[in-house]
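So this one's target.tsv, TSV, C-alpha atoms:
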chain	number	residue	atom	x	y	z
A	237	MET	CA	75.17	62.48	-51.18
A	238	SER	CA	73.87	59.92	-48.70
A	239	LYS	CA	74.57	62.30	-45.81
A	240	LEU	CA	71.56	64.18	-47.13
A	241	PHE	CA	69.21	61.61	-45.71
A	242	PRO	CA	68.30	60.69	-42.17
A	243	ASP	CA	69.33	57.17	-41.09
A	244	SER	CA	65.95	55.53	-41.55
A	245	VAL	CA	65.71	56.89	-45.10
A	246	ARG	CA	69.23	55.77	-45.94
A	247	ARG	CA	68.55	52.31	-44.62
A	248	LEU	CA	65.38	51.88	-46.67
A	249	LEU	CA	67.13	53.20	-49.79
A	250	GLU	CA	69.90	50.64	-49.34
A	251	GLU	CA	67.39	47.82	-49.00
A	252	LEU	CA	65.34	48.97	-51.99
A	253	GLN	CA	68.42	49.14	-54.18
A	254	LYS	CA	69.05	45.46	-53.53
A	255	LEU	CA	65.86	44.68	-55.47
A	256	PRO	CA	66.05	43.66	-59.13
A	257	SER	CA	65.88	46.56	-61.60
A	258	ILE	CA	65.66	49.18	-58.84
A	259	GLY	CA	68.45	51.74	-59.14
A	260	PRO	CA	69.18	54.76	-56.92
A	261	LYS	CA	66.56	56.93	-58.60
A	262	SER	CA	63.73	54.40	-58.48
A	263	ALA	CA	64.64	53.69	-54.86
A	264	GLN	CA	64.27	57.39	-54.04
A	265	ARG	CA	60.97	57.58	-55.86
A	266	LEU	CA	59.67	54.54	-53.97
A	267	MET	CA	60.90	55.94	-50.67
A	268	LEU	CA	59.06	59.22	-51.25
A	269	HIS	CA	55.97	57.21	-52.19
A	270	PHE	CA	56.18	55.32	-48.90
A	271	LEU	CA	56.44	58.63	-47.03
A	272	ASP	CA	53.28	59.90	-48.70
A	273	ALA	CA	51.23	56.70	-48.91
A	274	PRO	CA	48.55	55.83	-46.34
A	275	LEU	CA	50.28	54.41	-43.24
A	276	GLU	CA	48.01	51.38	-43.46
A	277	ASP	CA	49.30	50.51	-46.94
A	278	VAL	CA	52.93	50.68	-45.88
A	279	ARG	CA	52.21	48.49	-42.84
A	280	THR	CA	50.34	45.95	-44.96
A	281	LEU	CA	53.20	45.81	-47.43
A	282	ALA	CA	55.73	45.24	-44.64
A	283	GLU	CA	53.56	42.49	-43.15
A	284	SER	CA	52.95	40.84	-46.52
A	285	LEU	CA	56.69	40.68	-47.06
A	286	THR	CA	57.34	38.76	-43.85
A	287	GLN	CA	54.26	36.58	-44.26
A	288	LEU	CA	55.35	35.59	-47.75
A	289	ARG	CA	58.49	34.06	-46.35
A	290	GLU	CA	56.71	32.45	-43.42
A	291	ARG	CA	53.94	30.85	-45.44
A	292	VAL	CA	54.94	30.09	-49.00
A	293	ILE	CA	56.37	26.62	-49.64
A	294	PRO	CA	57.00	24.81	-52.92
A	295	CYS	CA	54.12	22.53	-53.94
A	296	PRO	CA	55.21	19.00	-52.89
A	297	ILE	CA	54.05	17.64	-56.25
A	298	CYS	CA	55.15	20.15	-58.89
A	299	GLY	CA	57.29	22.76	-57.14
A	300	ASN	CA	54.94	25.67	-57.87
A	301	LEU	CA	54.28	28.26	-55.15
A	302	SER	CA	51.90	26.94	-52.53
A	303	GLU	CA	50.89	27.43	-48.93
A	304	ASN	CA	49.58	24.16	-47.53
A	305	GLY	CA	50.29	21.00	-49.45
A	306	PRO	CA	49.64	20.71	-53.20
A	307	CYS	CA	49.20	23.93	-55.18
A	308	ALA	CA	46.07	25.33	-56.86
A	309	ILE	CA	47.04	23.81	-60.21
A	310	CYS	CA	47.84	20.29	-58.93
A	311	THR	CA	44.54	20.20	-57.01
A	312	ASP	CA	42.51	21.46	-59.98
A	313	VAL	CA	40.57	18.37	-61.12
A	314	THR	CA	39.57	20.02	-64.40
A	315	ARG	CA	43.16	19.92	-65.63
A	316	ASP	CA	44.65	17.07	-67.65
A	317	PRO	CA	47.07	15.05	-65.47
A	318	GLY	CA	48.34	13.20	-68.54
A	319	LEU	CA	50.20	16.26	-69.83
A	320	ILE	CA	53.10	17.73	-67.85
A	321	CYS	CA	54.83	20.96	-68.83
A	322	VAL	CA	58.35	21.25	-67.42
A	323	VAL	CA	59.53	24.79	-66.65
A	324	GLU	CA	62.57	26.26	-64.93
A	325	GLU	CA	60.96	28.62	-62.42
A	326	PRO	CA	57.51	29.54	-61.08
A	327	ILE	CA	57.71	32.74	-63.17
A	328	ASP	CA	57.70	30.61	-66.33
A	329	LEU	CA	54.60	28.78	-65.14
A	330	ILE	CA	52.96	32.17	-64.55
A	331	ALA	CA	53.89	33.24	-68.09
A	332	ILE	CA	52.31	30.14	-69.62
A	333	GLU	CA	49.18	30.43	-67.46
A	334	ARG	CA	48.86	34.03	-68.59
A	335	ALA	CA	48.34	32.72	-72.14
A	336	HIS	CA	45.24	30.77	-70.93
A	337	ASP	CA	45.91	27.94	-73.34
A	338	PHE	CA	47.62	25.10	-71.50
A	339	LYS	CA	45.34	22.85	-69.48
A	340	GLY	CA	47.76	20.20	-68.22
A	341	LEU	CA	49.91	20.18	-65.11
A	342	TYR	CA	53.38	21.60	-64.51
A	343	HIS	CA	56.69	20.55	-63.12
A	344	VAL	CA	58.93	23.34	-61.82
A	345	LEU	CA	62.60	22.35	-61.93
A	346	GLY	CA	63.84	25.11	-59.66
A	347	GLY	CA	66.48	26.27	-62.13
A	348	ARG	CA	68.46	24.97	-65.09
A	349	ILE	CA	71.68	23.04	-65.52
A	350	SER	CA	74.50	25.56	-65.45
A	351	PRO	CA	77.86	24.12	-64.36
A	352	LEU	CA	79.41	27.62	-64.39
A	353	ASP	CA	76.97	28.69	-61.67
A	354	GLY	CA	77.47	25.38	-59.88
A	355	ILE	CA	73.98	24.11	-60.77
A	356	LEU	CA	74.09	20.42	-61.66
A	357	PRO	CA	71.25	18.09	-62.71
A	358	GLU	CA	70.94	16.78	-59.15
A	359	ASP	CA	70.15	20.32	-57.91
A	360	LEU	CA	66.97	20.29	-60.00
A	361	SER	CA	63.81	18.33	-59.27
A	362	VAL	CA	64.38	15.89	-62.13
A	363	ASN	CA	64.06	12.79	-59.94
A	364	ALA	CA	60.76	14.08	-58.59
A	365	LEU	CA	59.58	14.36	-62.20
A	366	LEU	CA	60.63	10.80	-63.00
A	367	SER	CA	58.93	9.31	-59.98
A	368	ARG	CA	55.88	11.45	-60.62
A	369	ILE	CA	55.45	9.94	-64.09
A	370	ALA	CA	55.51	6.42	-62.68
A	371	ASP	CA	53.82	7.00	-59.34
A	372	PRO	CA	52.89	3.60	-57.85
A	373	GLU	CA	50.39	5.34	-55.57
A	374	GLN	CA	48.46	6.74	-58.51
A	375	PRO	CA	48.43	3.96	-61.10
A	376	GLU	CA	45.26	5.42	-62.66
A	377	ILE	CA	47.13	8.47	-63.91
A	378	GLU	CA	48.96	7.84	-67.13
A	379	VAL	CA	51.27	10.62	-68.26
A	380	ARG	CA	51.12	10.70	-72.08
A	381	GLU	CA	53.32	13.67	-72.85
A	382	VAL	CA	55.98	15.80	-71.21
A	383	ILE	CA	56.53	19.23	-72.78
A	384	LEU	CA	59.98	20.64	-72.12
A	385	ALA	CA	59.42	24.39	-71.76
A	386	THR	CA	62.75	25.47	-70.32
A	387	ASN	CA	64.12	28.71	-71.71
A	388	THR	CA	65.42	28.67	-75.26
A	389	ASP	CA	68.98	29.71	-74.40
A	390	VAL	CA	72.01	27.44	-74.10
A	391	GLU	CA	71.39	26.41	-70.49
A	392	GLY	CA	67.69	25.89	-71.09
A	393	ASP	CA	68.40	23.74	-74.15
A	394	THR	CA	71.00	21.72	-72.26
A	395	THR	CA	68.55	21.15	-69.44
A	396	ALA	CA	65.80	20.11	-71.87
A	397	GLY	CA	68.22	17.77	-73.64
A	398	TYR	CA	69.28	16.16	-70.38
A	399	ILE	CA	65.72	15.59	-69.21
A	400	ALA	CA	64.66	14.28	-72.63
A	401	GLU	CA	67.43	11.71	-72.45
A	402	MET	CA	66.43	10.58	-68.97
A	403	LEU	CA	62.80	10.32	-69.99
A	404	HIS	CA	63.52	8.35	-73.20
A	405	GLU	CA	65.62	5.95	-71.20
A	406	LYS	CA	63.11	5.33	-68.43
A	407	PHE	CA	59.86	5.68	-70.38
A	408	PRO	CA	60.40	4.72	-74.04
A	409	GLU	CA	56.63	4.96	-74.71
A	410	LEU	CA	56.30	8.55	-73.42
A	411	THR	CA	55.98	11.43	-75.89
A	412	VAL	CA	58.57	14.10	-75.07
A	413	THR	CA	58.27	17.47	-76.81
A	414	ARG	CA	60.10	20.80	-76.77
A	415	ILE	CA	58.30	24.16	-77.13
A	416	ALA	CA	58.78	25.64	-80.60
A	417	THR	CA	61.33	28.33	-81.39
A	418	GLY	CA	60.99	30.79	-84.23
A	419	LEU	CA	59.93	34.32	-84.97
A	420	PRO	CA	57.65	35.85	-82.36
A	421	ILE	CA	54.12	36.59	-83.61
A	422	GLY	CA	53.96	40.12	-84.94
A	423	GLY	CA	57.75	40.10	-85.18
A	424	GLU	CA	59.53	41.58	-88.17
A	425	LEU	CA	62.26	39.60	-89.90
A	426	ASP	CA	64.30	42.75	-90.05
A	427	TYR	CA	64.46	42.97	-86.27
A	428	ALA	CA	64.96	39.28	-85.53
A	429	ASP	CA	68.37	38.20	-84.30
A	430	GLN	CA	70.42	35.84	-86.44
A	431	VAL	CA	70.03	32.76	-84.26
A	432	THR	CA	66.24	33.15	-84.09
A	433	LEU	CA	66.13	33.50	-87.88
A	434	ILE	CA	68.23	30.38	-88.42
A	435	LYS	CA	66.00	28.45	-85.99
A	436	ALA	CA	62.88	29.77	-87.70
A	437	LEU	CA	64.17	28.63	-91.10
A	438	GLN	CA	65.26	25.23	-89.80
A	439	GLY	CA	61.91	24.77	-88.09
A	440	ARG	CA	59.86	25.68	-91.20
A	441	ARG	CA	56.65	23.75	-91.64
A	442	LYS	CA	54.59	22.80	-94.68
A	443	VAL	CA	51.48	24.92	-95.10
B	265	MET	CA	44.74	34.11	-63.02
B	266	SER	CA	45.10	35.18	-59.41
B	267	LYS	CA	43.72	31.84	-58.22
B	268	LEU	CA	47.09	30.52	-59.28
B	269	PHE	CA	48.71	31.99	-56.23
B	270	PRO	CA	48.42	31.19	-52.56
B	271	ASP	CA	46.88	33.93	-50.39
B	272	SER	CA	50.11	35.34	-49.03
B	273	VAL	CA	51.51	35.69	-52.55
B	274	ARG	CA	48.33	37.31	-53.84
B	275	ARG	CA	48.33	39.78	-50.97
B	276	LEU	CA	51.93	40.82	-51.56
B	277	LEU	CA	51.32	41.17	-55.30
B	278	GLU	CA	48.37	43.46	-54.63
B	279	GLU	CA	50.44	45.64	-52.33
B	280	LEU	CA	53.38	45.77	-54.73
B	281	GLN	CA	51.12	46.84	-57.59
B	282	LYS	CA	50.07	49.89	-55.60
B	283	LEU	CA	53.64	51.19	-55.90
B	284	PRO	CA	54.50	53.74	-58.60
B	285	SER	CA	55.62	52.24	-61.93
B	286	ILE	CA	55.18	48.66	-60.70
B	287	GLY	CA	52.81	46.72	-62.93
B	288	PRO	CA	51.66	43.10	-62.64
B	289	LYS	CA	54.82	41.72	-64.23
B	290	SER	CA	57.29	43.71	-62.12
B	291	ALA	CA	55.27	42.78	-59.04
B	292	GLN	CA	55.63	39.10	-59.89
B	293	ARG	CA	59.33	39.50	-60.49
B	294	LEU	CA	59.78	41.28	-57.16
B	295	MET	CA	57.69	38.64	-55.38
B	296	LEU	CA	59.87	35.84	-56.76
B	297	HIS	CA	62.93	37.82	-55.73
B	298	PHE	CA	61.60	38.07	-52.17
B	299	LEU	CA	61.03	34.30	-52.14
B	300	ASP	CA	64.63	33.67	-53.17
B	301	ALA	CA	66.41	36.48	-51.30
B	302	PRO	CA	68.11	35.91	-47.93
B	303	LEU	CA	65.43	35.93	-45.22
B	304	GLU	CA	67.42	38.57	-43.35
B	305	ASP	CA	67.19	40.99	-46.29
B	306	VAL	CA	63.44	40.62	-46.57
B	307	ARG	CA	63.02	41.18	-42.82
B	308	THR	CA	65.27	44.23	-42.91
B	309	LEU	CA	63.29	45.68	-45.80
B	310	ALA	CA	60.00	45.13	-43.96
B	311	GLU	CA	61.42	46.77	-40.82
B	312	SER	CA	62.89	49.70	-42.75
B	313	LEU	CA	59.48	50.35	-44.26
B	314	THR	CA	57.75	50.69	-40.91
B	315	GLN	CA	60.64	52.58	-39.35
B	316	LEU	CA	60.60	55.10	-42.17
B	317	ARG	CA	57.07	56.07	-41.27
B	318	GLU	CA	57.74	56.07	-37.54
B	319	ARG	CA	60.86	58.21	-37.68
B	320	VAL	CA	60.95	60.55	-40.66
B	321	ILE	CA	59.54	64.03	-40.10
B	322	PRO	CA	59.78	67.15	-42.25
B	323	CYS	CA	62.65	69.43	-41.23
B	324	PRO	CA	61.03	72.18	-39.12
B	325	ILE	CA	63.05	74.82	-41.00
B	326	CYS	CA	63.00	73.82	-44.67
B	327	GLY	CA	60.62	70.87	-44.99
B	328	ASN	CA	63.30	68.42	-46.20
B	329	LEU	CA	63.30	64.86	-44.85
B	330	SER	CA	64.68	64.71	-41.33
B	331	GLU	CA	64.59	62.61	-38.19
B	332	ASN	CA	65.15	64.80	-35.16
B	333	GLY	CA	64.81	68.53	-35.62
B	334	PRO	CA	66.55	70.40	-38.45
B	335	CYS	CA	67.81	68.36	-41.42
B	336	ALA	CA	71.39	67.65	-42.50
B	337	ILE	CA	71.37	70.56	-44.94
B	338	CYS	CA	69.98	73.18	-42.56
B	339	THR	CA	72.52	72.18	-39.90
B	340	ASP	CA	75.45	72.21	-42.35
B	341	VAL	CA	77.40	75.36	-41.34
B	342	THR	CA	79.47	75.26	-44.54
B	343	ARG	CA	76.42	76.14	-46.62
B	344	ASP	CA	75.41	79.70	-47.52
B	345	PRO	CA	72.30	80.70	-45.52
B	346	GLY	CA	71.87	83.81	-47.67
B	347	LEU	CA	70.73	81.78	-50.66
B	348	ILE	CA	67.48	79.80	-50.54
B	349	CYS	CA	66.38	77.47	-53.32
B	350	VAL	CA	62.62	76.85	-53.31
B	351	VAL	CA	61.53	73.43	-54.60
B	352	GLU	CA	58.23	71.57	-54.71
B	353	GLU	CA	59.18	68.24	-53.15
B	354	PRO	CA	62.13	66.56	-51.40
B	355	ILE	CA	62.79	64.65	-54.64
B	356	ASP	CA	63.61	67.96	-56.37
B	357	LEU	CA	66.05	68.83	-53.61
B	358	ILE	CA	67.69	65.45	-54.12
B	359	ALA	CA	67.96	66.12	-57.86
B	360	ILE	CA	69.69	69.46	-57.29
B	361	GLU	CA	72.02	68.01	-54.66
B	362	ARG	CA	72.95	65.28	-57.11
B	363	ALA	CA	74.41	67.98	-59.37
B	364	HIS	CA	76.85	68.96	-56.55
B	365	ASP	CA	76.74	72.60	-57.51
B	366	PHE	CA	74.34	74.45	-55.23
B	367	LYS	CA	75.74	75.40	-51.83
B	368	GLY	CA	72.87	77.37	-50.34
B	369	LEU	CA	69.87	76.17	-48.33
B	370	TYR	CA	66.49	74.89	-49.51
B	371	HIS	CA	62.85	75.45	-48.88
B	372	VAL	CA	60.53	72.54	-49.69
B	373	LEU	CA	57.00	73.74	-50.46
B	374	GLY	CA	55.34	70.35	-50.15
B	375	GLY	CA	53.66	70.60	-53.56
B	376	ARG	CA	52.59	73.19	-56.07
B	377	ILE	CA	49.52	75.35	-56.55
B	378	SER	CA	47.00	73.26	-58.46
B	379	PRO	CA	43.38	74.30	-57.93
B	380	LEU	CA	42.16	71.32	-59.97
B	381	ASP	CA	43.73	68.98	-57.42
B	382	GLY	CA	42.48	71.18	-54.59
B	383	ILE	CA	45.98	72.45	-53.72
B	384	LEU	CA	45.86	76.15	-52.87
B	385	PRO	CA	48.71	78.50	-51.86
B	386	GLU	CA	47.82	78.08	-48.18
B	387	ASP	CA	48.47	74.32	-48.46
B	388	LEU	CA	52.12	75.03	-49.24
B	389	SER	CA	54.76	76.23	-46.80
B	390	VAL	CA	54.89	79.72	-48.31
B	391	ASN	CA	54.31	81.50	-45.00
B	392	ALA	CA	57.13	79.51	-43.43
B	393	LEU	CA	59.36	80.77	-46.25
B	394	LEU	CA	58.34	84.39	-45.67
B	395	SER	CA	58.94	84.25	-41.93
B	396	ARG	CA	62.20	82.40	-42.50
B	397	ILE	CA	63.54	85.25	-44.63
B	398	ALA	CA	62.80	87.79	-41.90
B	399	ASP	CA	63.43	85.66	-38.84
B	400	PRO	CA	63.63	87.96	-35.79
B	401	GLU	CA	65.45	85.23	-33.88
B	402	GLN	CA	68.27	85.13	-36.42
B	403	PRO	CA	68.89	88.77	-37.36
B	404	GLU	CA	72.48	87.94	-38.33
B	405	ILE	CA	71.30	85.88	-41.33
B	406	GLU	CA	70.48	88.01	-44.30
B	407	VAL	CA	68.84	86.20	-47.18
B	408	ARG	CA	70.15	87.79	-50.38
B	409	GLU	CA	68.50	85.65	-53.01
B	410	VAL	CA	65.63	83.23	-53.40
B	411	ILE	CA	65.84	80.88	-56.40
B	412	LEU	CA	62.46	79.57	-57.51
B	413	ALA	CA	63.16	76.02	-58.69
B	414	THR	CA	59.64	74.68	-58.95
B	415	ASN	CA	59.00	72.50	-62.00
B	416	THR	CA	58.84	74.20	-65.37
B	417	ASP	CA	55.28	73.15	-66.18
B	418	VAL	CA	52.13	75.26	-65.83
B	419	GLU	CA	51.54	74.53	-62.15
B	420	GLY	CA	55.21	75.00	-61.30
B	421	ASP	CA	55.30	78.32	-63.15
B	422	THR	CA	52.10	79.48	-61.44
B	423	THR	CA	53.54	78.56	-58.07
B	424	ALA	CA	56.80	80.37	-58.81
B	425	GLY	CA	54.86	83.42	-60.01
B	426	TYR	CA	52.76	83.49	-56.88
B	427	ILE	CA	55.74	83.21	-54.56
B	428	ALA	CA	57.70	85.81	-56.53
B	429	GLU	CA	54.81	88.26	-56.09
B	430	MET	CA	54.64	87.64	-52.33
B	431	LEU	CA	58.39	88.06	-51.99
B	432	HIS	CA	58.54	91.29	-54.03
B	433	GLU	CA	55.74	92.72	-51.93
B	434	LYS	CA	57.26	91.87	-48.56
B	435	PHE	CA	60.96	92.17	-49.36
B	436	PRO	CA	61.49	94.68	-52.19
B	437	GLU	CA	65.29	94.48	-51.74
B	438	LEU	CA	65.47	90.70	-52.13
B	439	THR	CA	66.73	89.19	-55.40
B	440	VAL	CA	64.21	86.64	-56.67
B	441	THR	CA	65.27	84.38	-59.55
B	442	ARG	CA	63.77	81.51	-61.53
B	443	ILE	CA	65.83	78.54	-62.78
B	444	ALA	CA	66.55	78.80	-66.51
B	445	THR	CA	64.55	76.93	-69.12
B	446	GLY	CA	65.93	75.99	-72.53
B	447	LEU	CA	67.43	73.08	-74.39
B	448	PRO	CA	68.94	70.41	-72.18
B	449	ILE	CA	72.71	70.05	-72.51
B	450	GLY	CA	73.53	67.47	-75.16
B	451	GLY	CA	70.01	67.89	-76.50
B	452	GLU	CA	69.31	68.02	-80.21
B	453	LEU	CA	67.09	70.76	-81.60
B	454	ASP	CA	65.44	68.17	-83.76
B	455	TYR	CA	64.14	66.30	-80.72
B	456	ALA	CA	63.18	69.31	-78.62
B	457	ASP	CA	59.47	69.96	-78.13
B	458	GLN	CA	58.00	73.17	-79.48
B	459	VAL	CA	57.51	74.91	-76.15
B	460	THR	CA	61.08	74.21	-75.05
B	461	LEU	CA	62.36	75.57	-78.35
B	462	ILE	CA	60.30	78.75	-78.05
B	463	LYS	CA	61.54	79.24	-74.47
B	464	ALA	CA	65.12	78.58	-75.55
B	465	LEU	CA	64.84	81.20	-78.29
B	466	GLN	CA	63.18	83.74	-76.02
B	467	GLY	CA	65.80	83.15	-73.36
B	468	ARG	CA	68.74	83.56	-75.75
B	469	ARG	CA	71.80	85.26	-74.29
B	470	LYS	CA	74.62	87.29	-75.82
B	471	VAL	CA	77.87	85.38	-76.18
Write out the structure in this file as C-alpha cells.
Amino acid sequence: MSKLFPDSVRRLLEELQKLPSIGPKSAQRLMLHFLDAPLEDVRTLAESLTQLRERVIPCPICGNLSENGPCAICTDVTRDPGLICVVEEPIDLIAIERAHDFKGLYHVLGGRISPLDGILPEDLSVNALLSRIADPEQPEIEVREVILATNTDVEGDTTAGYIAEMLHEKFPELTVTRIATGLPIGGELDYADQVTLIKALQGRRKV
Amino acid sequence: MSKLFPDSVRRLLEELQKLPSIGPKSAQRLMLHFLDAPLEDVRTLAESLTQLRERVIPCPICGNLSENGPCAICTDVTRDPGLICVVEEPIDLIAIERAHDFKGLYHVLGGRISPLDGILPEDLSVNALLSRIADPEQPEIEVREVILATNTDVEGDTTAGYIAEMLHEKFPELTVTRIATGLPIGGELDYADQVTLIKALQGRRKV
C-alpha cells in the first residue's frame, strides 16, 4: 500500500497519523488538501507549528498558555482575583471560558494525580497554588474561594480531594468548592449512564 | 475568546481551522497536542509539509502523485498496461488500491466536469488519456479496456459519459466500462436511499 506514494508523501502521512484522532484515511485527505491548498497557507502552517514551540510558555502565575510573562487572563484587571478555578489542563480552561460565565482567575495543574501513569501530586503545580493563595508580595489580594474543576472521573476526583485536603489544612478560612455533577442540560434520563444518575439523585436540591 | 491565546497559538489555530473537517475544537485539541508532543515530531511535521509541496509532482503519464518522473504504479511492470481505470482524483486511486483487487493502470483526470464550478472538459486530462491509448512511441502496448471510475454522482456520471463518447468516437474497438452502482455489500435495503435502490433494481443481474 505505502509503496504507492512517493517518499515525501509517505513521510507526511506518517507524521499526520501521529496526531490525535487522525487515522490513515484522514491523513490521506489532509495530505491531498495540502497538495491543493495555496502554497502560502501550507508554508504559514509549517511556520506556525515551529513558532508555537519556540514561543509558547506556561504562564508563570497560573500555568495557562502564554508568550511573555503572565497570561492574558492573569493580567486582565477586570477579573476577580479572589476566585481561583483549578483545572487540569489548558483545554479545560478554554472550555470554561467558552461558557462566558466565570470571571475569576485560573490555576492549571498540568495534569491529574494518576499513580498508574506515574503522575504524583508533586508533578502537579499544587505548591504554586498554595503559595499563590498566600502570596506575601501581594497581601492586598485575598483569595476567598477555590473552585476545584478537575474532571469528574476517578483521577479528577482524587486530585480534587487531595487539593481540598491541602487547602483545608493550610487555609481553614478558605471556601473550597467542587463543580457540580449531575445530568447534563438537555440530557434525557433514559440516556444517562448509571453513575451520572446516582450522582444526580444524591446531589438533588430543594426547589 | 481568541484574546485568551497568545499570538503564536492564535495563528496556529487559524491555520489549523482552514483544514478540511477541522473545527475550532479539533484545532484546539491539535494545538495542545503540538505543545505536548516531542519537539522533534513537530519539527518533522513542519518540514514534511514544506517538502511535500517542493517535491510532489503529478505523474507525467497518469497524473497520480509522484516525485521524479512516472509514478510507482506506472513503473510497476507486473501491472497490466492494457487496462486503464479512469478516476477523478488521486484519493480515488488510493481507495481502489486499498481494495487490492485492480491490477491495471490508472488515469487521474484531476477533477470532474462541473460547469457551475467553472470546470470544463478541457481542464481535465482527457486529451492525455486519448493520446496515451494510441501512443505511437509504445506501439507494443494495446489498451483493451478503459474503466470509467469517476464518482457516481451527477458530475461524475456526466464526466464518464463525456469520456465514453470521446473514446467510442476515436477508438471504436476499445471496450469502455463504468463501475457498477447498486447496494453496498452488507447494506440493508431499509437504509438505502431511493436513487441507489432504483439503480440497484435497474442493474439487476441473472443469477
Exercise for review: Could you tell me how far atom CA of Leu280 of chain B lies from atom CA of Pro294 of chain A, in Å and to one decimal?
Suggested key: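 Computing it gives 21.3 Å between the two atoms.
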Exercise for review: Record the distance separating atom CA of Glu376 of chain A and atom CA of His404 of chain A, expressed in Å with one decimal.
Suggested key: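 One can read the atom CA of Glu376 of chain A to atom CA of His404 of chain A distance as 21.3 Å.
Restricting the calculation to all atoms listed in the file, the smallest distance between chain A and any of B:Glu419, B:Glu331, B:Asp356, B:Asp454 is found for B:Glu331.
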Practice item. Do a neighbour search on Ile286 of chain B at 12 Å with only C-alpha atoms, toss out local chain neighbours closer than 4 positions, and write the hits as a ChimeraX atom specification. Key: /A:257-258,262,265-266 /B:277-282,290-295
Chain A residues near chain B (6 Å cut-off, only C-alpha atoms) as a compact mmCIF listing (two decimals) with C-alpha atoms, keeping the file's coordinate frame:
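In the end it all went to part_11.txt:
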# COMPACT_ATOMS: atom_id res chain seq x y z
CA LEU A 240 71.56 64.18 -47.13
CA PRO A 242 68.30 60.69 -42.17
CA SER A 244 65.95 55.53 -41.55
CA LEU A 248 65.38 51.88 -46.67
CA GLU A 251 67.39 47.82 -49.00
CA LEU A 281 53.20 45.81 -47.43
CA ALA A 282 55.73 45.24 -44.64
CA SER A 284 52.95 40.84 -46.52
CA LEU A 288 55.35 35.59 -47.75
CA SER A 302 51.90 26.94 -52.53
CA GLU A 303 50.89 27.43 -48.93
CA ALA A 308 46.07 25.33 -56.86
Review point. Quick one: residues within 12 Å of Val313 of chain A, only C-alpha atoms counted, chain neighbours fewer than 6 positions away excluded, as a PyMOL selection string?
Key: chain A and resi 307+339-341
Could you save the residues just selected, with C-alpha atoms, as an mmCIF file, in the coordinates of the input?
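Result saved to again_37.cif:
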data_model
loop_
_atom_site.group_PDB
_atom_site.id
_atom_site.type_symbol
_atom_site.label_atom_id
_atom_site.label_comp_id
_atom_site.auth_asym_id
_atom_site.auth_seq_id
_atom_site.Cartn_x
_atom_site.Cartn_y
_atom_site.Cartn_z
ATOM 1 C CA CYS A 307 49.200 23.930 -55.180
ATOM 2 C CA LYS A 339 45.340 22.850 -69.480
ATOM 3 C CA GLY A 340 47.760 20.200 -68.220
ATOM 4 C CA LEU A 341 49.910 20.180 -65.110
#
Exercise for review: Identify the residues around (48.4, 14.1, -73.8) within a radius of 8 Å, measuring from all atoms listed in the file in the coordinates stated by the file, and give them as a list of chain:residue names.
Suggested key: A:Asp316, A:Gly318, A:Leu319, A:Val379, A:Arg380, A:Glu381
Keeping only C-alpha atoms, write the selected residues as a compact mmCIF listing (two decimals), keeping the file's coordinate frame.
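Here's the written file selection.txt:
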# COMPACT_ATOMS: atom_id res chain seq x y z
CA ASP A 316 44.65 17.07 -67.65
CA GLY A 318 48.34 13.20 -68.54
CA LEU A 319 50.20 16.26 -69.83
CA VAL A 379 51.27 10.62 -68.26
CA ARG A 380 51.12 10.70 -72.08
CA GLU A 381 53.32 13.67 -72.85
Practice item. Measure the distance from atom CA of Pro448 of chain B to atom CA of Thr416 of chain B in Å and round it to one decimal. Key: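 Spanning atom CA of Pro448 of chain B to atom CA of Thr416 of chain B is a straight-line distance of 12.8 Å.
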Revision key, fill the gap. Using only C-alpha atoms, the shortest atom-to-atom distance to Arg442 of chain B among B:Asn391, B:Thr422, B:Thr339, B:Thr460 belongs to B:Thr422
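Nearest residue to Glu324 of chain A, choosing from A:Ile349, A:Val344, A:Ile399, A:Val362 and counting only C-alpha atoms: A:Val344.
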With a distance cut-off of 10 Å and only C-alpha atoms, select the neighbouring residues of Cys326 of chain B, excluding the residue or stretch itself and same-chain residues fewer than 6 positions from it, and output the selection as a PDB file with C-alpha atoms, in the coordinates of the input.
ATOM      1  CA  PRO B 334      66.550  70.400 -38.450  1.00  0.00           C
ATOM      2  CA  CYS B 335      67.810  68.360 -41.420  1.00  0.00           C
ATOM      3  CA  ILE B 337      71.370  70.560 -44.940  1.00  0.00           C
ATOM      4  CA  CYS B 338      69.980  73.180 -42.560  1.00  0.00           C
ATOM      5  CA  ILE B 348      67.480  79.800 -50.540  1.00  0.00           C
ATOM      6  CA  CYS B 349      66.380  77.470 -53.320  1.00  0.00           C
ATOM      7  CA  VAL B 350      62.620  76.850 -53.310  1.00  0.00           C
ATOM      8  CA  PRO B 354      62.130  66.560 -51.400  1.00  0.00           C
ATOM      9  CA  LEU B 369      69.870  76.170 -48.330  1.00  0.00           C
ATOM     10  CA  TYR B 370      66.490  74.890 -49.510  1.00  0.00           C
ATOM     11  CA  HIS B 371      62.850  75.450 -48.880  1.00  0.00           C
ATOM     12  CA  VAL B 372      60.530  72.540 -49.690  1.00  0.00           C
ATOM     13  CA  LEU B 373      57.000  73.740 -50.460  1.00  0.00           C
ATOM     14  CA  SER B 389      54.760  76.230 -46.800  1.00  0.00           C
ATOM     15  CA  ALA B 392      57.130  79.510 -43.430  1.00  0.00           C
ATOM     16  CA  LEU B 393      59.360  80.770 -46.250  1.00  0.00           C
ATOM     17  CA  ARG B 396      62.200  82.400 -42.500  1.00  0.00           C
TER      18      ARG B 396
END
Exercise for review: Give as a PyMOL selection string each residue that has an atom at most 12 Å from (57.0, 79.6, -61.0) in the file, counting only C-alpha atoms.
Suggested key: chain B and resi 350-352+376-377+411-429+440-445
